[in-house]
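First up is the structure itself, then whatever we jot down about it.
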Amino acid sequence: MTGGRAQAVVHEELVSRDGYKFRLEDARWELSKDIRVSVSTIIPLLSPELFLAFRRVLAFYAVTCSATYSKILLYRCKVYLEVTAGQQPFSVESLISYRSMLDVKTEWHLTSVRTFIRKWHAMGYLGISDEVIQLLGKWRLKGSERGYAVQSMCPETGPLTDIEMQGVAEAIITSFGEERLALMDTALTLTAVLTGRRPGQITALKIKDLINQTGNSGIDSFFINFPRAKQRIQGWRSSFSKFPINEDLWLVLRQQAAASQREFEYMIGESVPAKLVPELPLFPNLRVLDPNEGLEEQLKRDYLHLRTASIRSVMHRVSEAIHVTSERTGMPIHLFFYRFRYTLGTNLAREGKREFVIAEALDHSDTQHVGVYVKNIPDIVKHINKAVALRLGPIAQAFQGVLIATESDAIRGNDPASRITNGTQGVGTCGSYGFCGAFAPVACYTCNHFQPWLDGSHETVLDGLIKDRETVFEQTGDLKIAAVNDRLILAVSDVVNRCMVMMGDDKNV
């Protein structure tokens with residue numbers, strides 16, 4: 001029997017979980033700074049009575065759950081209604097028909113529709129029969145396929161290797177130093193690289209979330225107090241988890257905090273009151289600042305924070321600026337924020353961390369979704385001998401400098417202080433006029449200021465790095481520790497290969 005109550009539209013104002021006001025009769029609901037749902041797209045698919053009930057159920061989710069979850073429910077129901085058009089909506093027949101269109105990999109699409117229907121029936125609105133609820137209770141639906149990118153170590157979408165990760169981090173810092181990357185893009189991306197947090201958590205940060213604590217020993221510790229995400233019944237910035245960071249990231253984020261304050265002061269034409277500075281977004285969206293409304297009130301809501309959708313543009317700009325090549329594909333590394341998250345979870349699993357530790361590091365509320373990291377743990381780090389290094393070197397393109405024929409051809413070639421040696425023999429020239437505290441000569445091979453000589457003893461440097469790698473592995477049994485210089489090894493190998501080619505001795509390349 002189809003039960004329930006029909007209700008007339010009441011022109012009431014509702015408030016989404018993220019604090020955005022909307023009305024039930026509106027064609028489009030703005031639920032957060034990132035999410036707007038077009039409820040009117042359902043109008044052609046339902047009768048007026050069913051559409052009213054549908055809106056009331058969707059409004060329940062919009063008020064109590066995340067904007068993203070509400071959008072997913074609307075989308076899944078819309079697809080179901082479209083592909084079963086001509087049949088009675090939300091009937092036993094239409095649901096059986098819809099399930100028959102799905103396969104093992106897509107059956108999970110029906111879970112959102114089932115959730116929505118059950119809530120509809122529980123709320124007592126017109127349109128859902130008891131027979132439908134009984135049918136849905138009997139179905140056992142397969143969940144979505146999780147962790148394929150992680151377990152397959154997909155070079156396009158899966159976790160980054162240590163060599164790739166190191167290359168990305170170094171290239172971001174270098175690009176920022178050379179002013180090819182803006183401060184905000186640098187701070188955003190380094191935060192993702194080093195913390196593995198979700199885009200929405202990073203864009204929700206305020207200046208006050210940067211924490212510096214001095215211990216009893218007088219040593220400073222640095223943290224980010226991240227707003228938690230994907231907590232369905234909790235509002236925006238209602239719960240937090242503290243994540244430790246290194247001083248380098250802290251200093252970059254403090255620069256970004258100062259820049260954010262300057263930008264606000266420029267927009268409002270005066271200094272930001274001291275009590276409001278901690279409330280400023282770390283990554284602001286100043287285009288929506290309303291000069292006619294008080295700043296304090298606007299800072300209580302989320303729309304002055306960078307939209308999560310803007311993250312894609314940030315990643316595109318970063319990818320264009322750093323152009324890091326993967327040693328697995330020989331192509332530029334495909335960057336998106338979740339790859340850093342996958343990498344963090346995978347590395348923790350490889351280190352033997354238990355599931356609850358991984359869940360805490362990734363800010364999961366439980367361990368049900370971290371099993372993918374500990375099952376069939378992919379072996380990212382490989383044994384690298386000289387032959388393998390010489391093959392991978394040109395593919396990875398870790399060497400960033402310029403090979404020169406003689407010392408006299410180099411920038412600063414006439415300055416003895418610019419000469420780089422391996423302790424006994426010269427290997428190249430440093431073209432930088434600034435101070436550098438890096439360990440020469442090995443650190444030089446991944447620096448874009450390094451100019452190795454054609455007749456330099458690069459193979460001796462390579463042999464030393466390979467030998468050190470083998471020694472560390474023999475002593476520790478830990479391949480990850482032994483692999484700490486693998487990117488350097490590939491950079492030196494690239495130089496050795498280039499020298500062989502230029503001298504016509506490339507038979508081993």
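FYI, nothing fancy with the structure tokens labels: chains A, B, ... in order, residues from 1 per chain, ligands from 1 as they appear.
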Enumerate the residues of range 171-255 of chain A with a DSSP assignment of helix (DSSP H, G or I), computed from the backbone, and present them as an MDAnalysis selection string.
-> chainID A and resid 171:177 183:195 199:203 207:209 247:255
Saved selection, atoms kept: N, CA and C atoms, as a short mmCIF file (atom, residue, chain, number, x, y, z; two decimals), in the first residue's frame:
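Result file follows (part_12.cif):
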data_model
loop_
_atom_site.label_atom_id
_atom_site.label_comp_id
_atom_site.auth_asym_id
_atom_site.auth_seq_id
_atom_site.Cartn_x
_atom_site.Cartn_y
_atom_site.Cartn_z
N ALA A 171 60.85 20.33 -7.15
CA ALA A 171 60.50 21.21 -8.27
C ALA A 171 59.57 22.34 -7.84
N ILE A 172 58.66 22.06 -6.91
CA ILE A 172 57.77 23.10 -6.41
C ILE A 172 58.58 24.19 -5.70
N ILE A 173 59.50 23.77 -4.84
CA ILE A 173 60.31 24.73 -4.10
C ILE A 173 61.19 25.54 -5.05
N THR A 174 61.79 24.85 -6.03
CA THR A 174 62.63 25.55 -7.01
C THR A 174 61.82 26.55 -7.83
N SER A 175 60.64 26.14 -8.27
CA SER A 175 59.79 27.02 -9.08
C SER A 175 59.34 28.24 -8.29
N PHE A 176 59.07 28.06 -7.01
CA PHE A 176 58.69 29.18 -6.17
C PHE A 176 59.86 30.14 -6.00
N GLY A 177 61.05 29.58 -5.76
CA GLY A 177 62.25 30.41 -5.61
C GLY A 177 62.58 31.20 -6.86
N LEU A 183 52.92 32.32 -4.49
CA LEU A 183 52.98 31.87 -3.10
C LEU A 183 51.79 30.99 -2.75
N MET A 184 50.56 31.40 -3.13
CA MET A 184 49.39 30.62 -2.73
C MET A 184 49.40 29.24 -3.38
N ASP A 185 49.76 29.15 -4.65
CA ASP A 185 49.82 27.85 -5.32
C ASP A 185 50.86 26.96 -4.65
N THR A 186 51.98 27.55 -4.27
CA THR A 186 53.05 26.79 -3.61
C THR A 186 52.58 26.28 -2.25
N ALA A 187 51.99 27.17 -1.46
CA ALA A 187 51.54 26.79 -0.12
C ALA A 187 50.46 25.72 -0.17
N LEU A 188 49.50 25.89 -1.08
CA LEU A 188 48.43 24.89 -1.23
C LEU A 188 48.99 23.52 -1.58
N THR A 189 49.85 23.49 -2.59
CA THR A 189 50.34 22.20 -3.08
C THR A 189 51.28 21.53 -2.08
N LEU A 190 52.16 22.29 -1.47
CA LEU A 190 53.05 21.69 -0.46
C LEU A 190 52.26 21.15 0.72
N THR A 191 51.17 21.82 1.08
CA THR A 191 50.32 21.31 2.16
C THR A 191 49.73 19.96 1.78
N ALA A 192 49.28 19.84 0.55
CA ALA A 192 48.73 18.56 0.07
C ALA A 192 49.82 17.50 0.01
N VAL A 193 50.99 17.87 -0.51
CA VAL A 193 52.10 16.91 -0.66
C VAL A 193 52.52 16.35 0.69
N LEU A 194 52.62 17.21 1.70
CA LEU A 194 53.21 16.81 2.98
C LEU A 194 52.19 16.35 4.02
N THR A 195 50.89 16.59 3.77
CA THR A 195 49.89 16.16 4.76
C THR A 195 48.89 15.17 4.21
N PRO A 199 41.22 18.30 -0.44
CA PRO A 199 41.16 19.70 -0.87
C PRO A 199 40.24 20.56 -0.01
N GLY A 200 39.08 20.02 0.35
CA GLY A 200 38.13 20.80 1.16
C GLY A 200 38.67 21.13 2.53
N GLN A 201 39.51 20.26 3.09
CA GLN A 201 40.10 20.55 4.39
C GLN A 201 41.13 21.66 4.30
N ILE A 202 41.87 21.68 3.20
CA ILE A 202 42.92 22.68 3.03
C ILE A 202 42.30 24.05 2.75
N THR A 203 41.30 24.10 1.89
CA THR A 203 40.70 25.40 1.58
C THR A 203 39.90 25.96 2.75
N ILE A 207 43.81 31.34 9.43
CA ILE A 207 45.15 31.64 9.95
C ILE A 207 45.34 31.05 11.34
N LYS A 208 44.30 31.03 12.15
CA LYS A 208 44.43 30.52 13.51
C LYS A 208 44.69 29.02 13.57
N ASP A 209 44.53 28.33 12.44
CA ASP A 209 44.77 26.88 12.43
C ASP A 209 46.25 26.53 12.35
N GLU A 247 59.21 22.50 9.80
CA GLU A 247 59.37 23.94 9.88
C GLU A 247 59.34 24.60 8.50
N ASP A 248 59.84 23.89 7.48
CA ASP A 248 59.84 24.46 6.13
C ASP A 248 58.42 24.78 5.66
N LEU A 249 57.49 23.82 5.84
CA LEU A 249 56.10 24.08 5.46
C LEU A 249 55.50 25.18 6.33
N TRP A 250 55.84 25.16 7.60
CA TRP A 250 55.33 26.18 8.52
C TRP A 250 55.70 27.59 8.03
N LEU A 251 56.95 27.77 7.63
CA LEU A 251 57.42 29.08 7.19
C LEU A 251 56.70 29.53 5.92
N VAL A 252 56.46 28.59 5.00
CA VAL A 252 55.73 28.94 3.77
C VAL A 252 54.29 29.34 4.11
N LEU A 253 53.66 28.61 5.03
CA LEU A 253 52.28 28.91 5.39
C LEU A 253 52.18 30.22 6.16
N ARG A 254 53.20 30.55 6.94
CA ARG A 254 53.17 31.85 7.61
C ARG A 254 53.29 33.00 6.60
N GLN A 255 54.08 32.78 5.56
CA GLN A 255 54.13 33.78 4.49
C GLN A 255 52.76 33.94 3.84
#
Near-range 113-123 of chain A list (8 Å; only C-alpha atoms; drop same-chain fewer than 5 positions) as a list of chain:residue names |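 Near range 113-123 of chain A, the qualifying residues are A:Gly4, A:Ala53, A:Phe54, A:Val57, A:Leu73, A:Arg76, A:Cys77, A:Tyr80, A:Phe90, A:Ile128, A:Ser129, A:Ile133, A:Leu136.
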Residue neighbourhood range 444-461 of chain A, 7 Å, only C-alpha atoms, exclusion window fewer than 4 positions, as a ChimeraX atom specification = /A:398-407,410,422,425-432,440,465,488,491-492,496,499
Selected residue, from A:Ala62, A:Ile322, A:Leu14, A:Leu50, that lies nearest to Arg36 in chain A when counting only C-alpha atoms |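 Once distances to Arg36 in chain A are computed over only C-alpha atoms, the minimum belongs to A:Ala62.
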Given the choices A:Ala59, A:Ala361, A:Glu320, A:Asn285, which gets closest to Lys242 in chain A if the distance is worked out from only C-alpha atoms?
-> A:Ala361
For CA of Glu25 in chain A and CA of Arg55 in chain A, quote the distance in Å rounded to one decimal.
-> 8.3 Å
From the list A:Leu295, A:Tyr433, A:Asn485, A:Leu46, the nearest residue to Arg412 in chain A using only C-alpha atoms is A:Tyr433
May I ask which of the residues A:Glu82, A:Glu93, A:Asp162, A:Glu49 is the closest one to Leu126 in chain A, counting only C-alpha atoms?
->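 The closest residue to Leu126 in chain A is A:Glu49.
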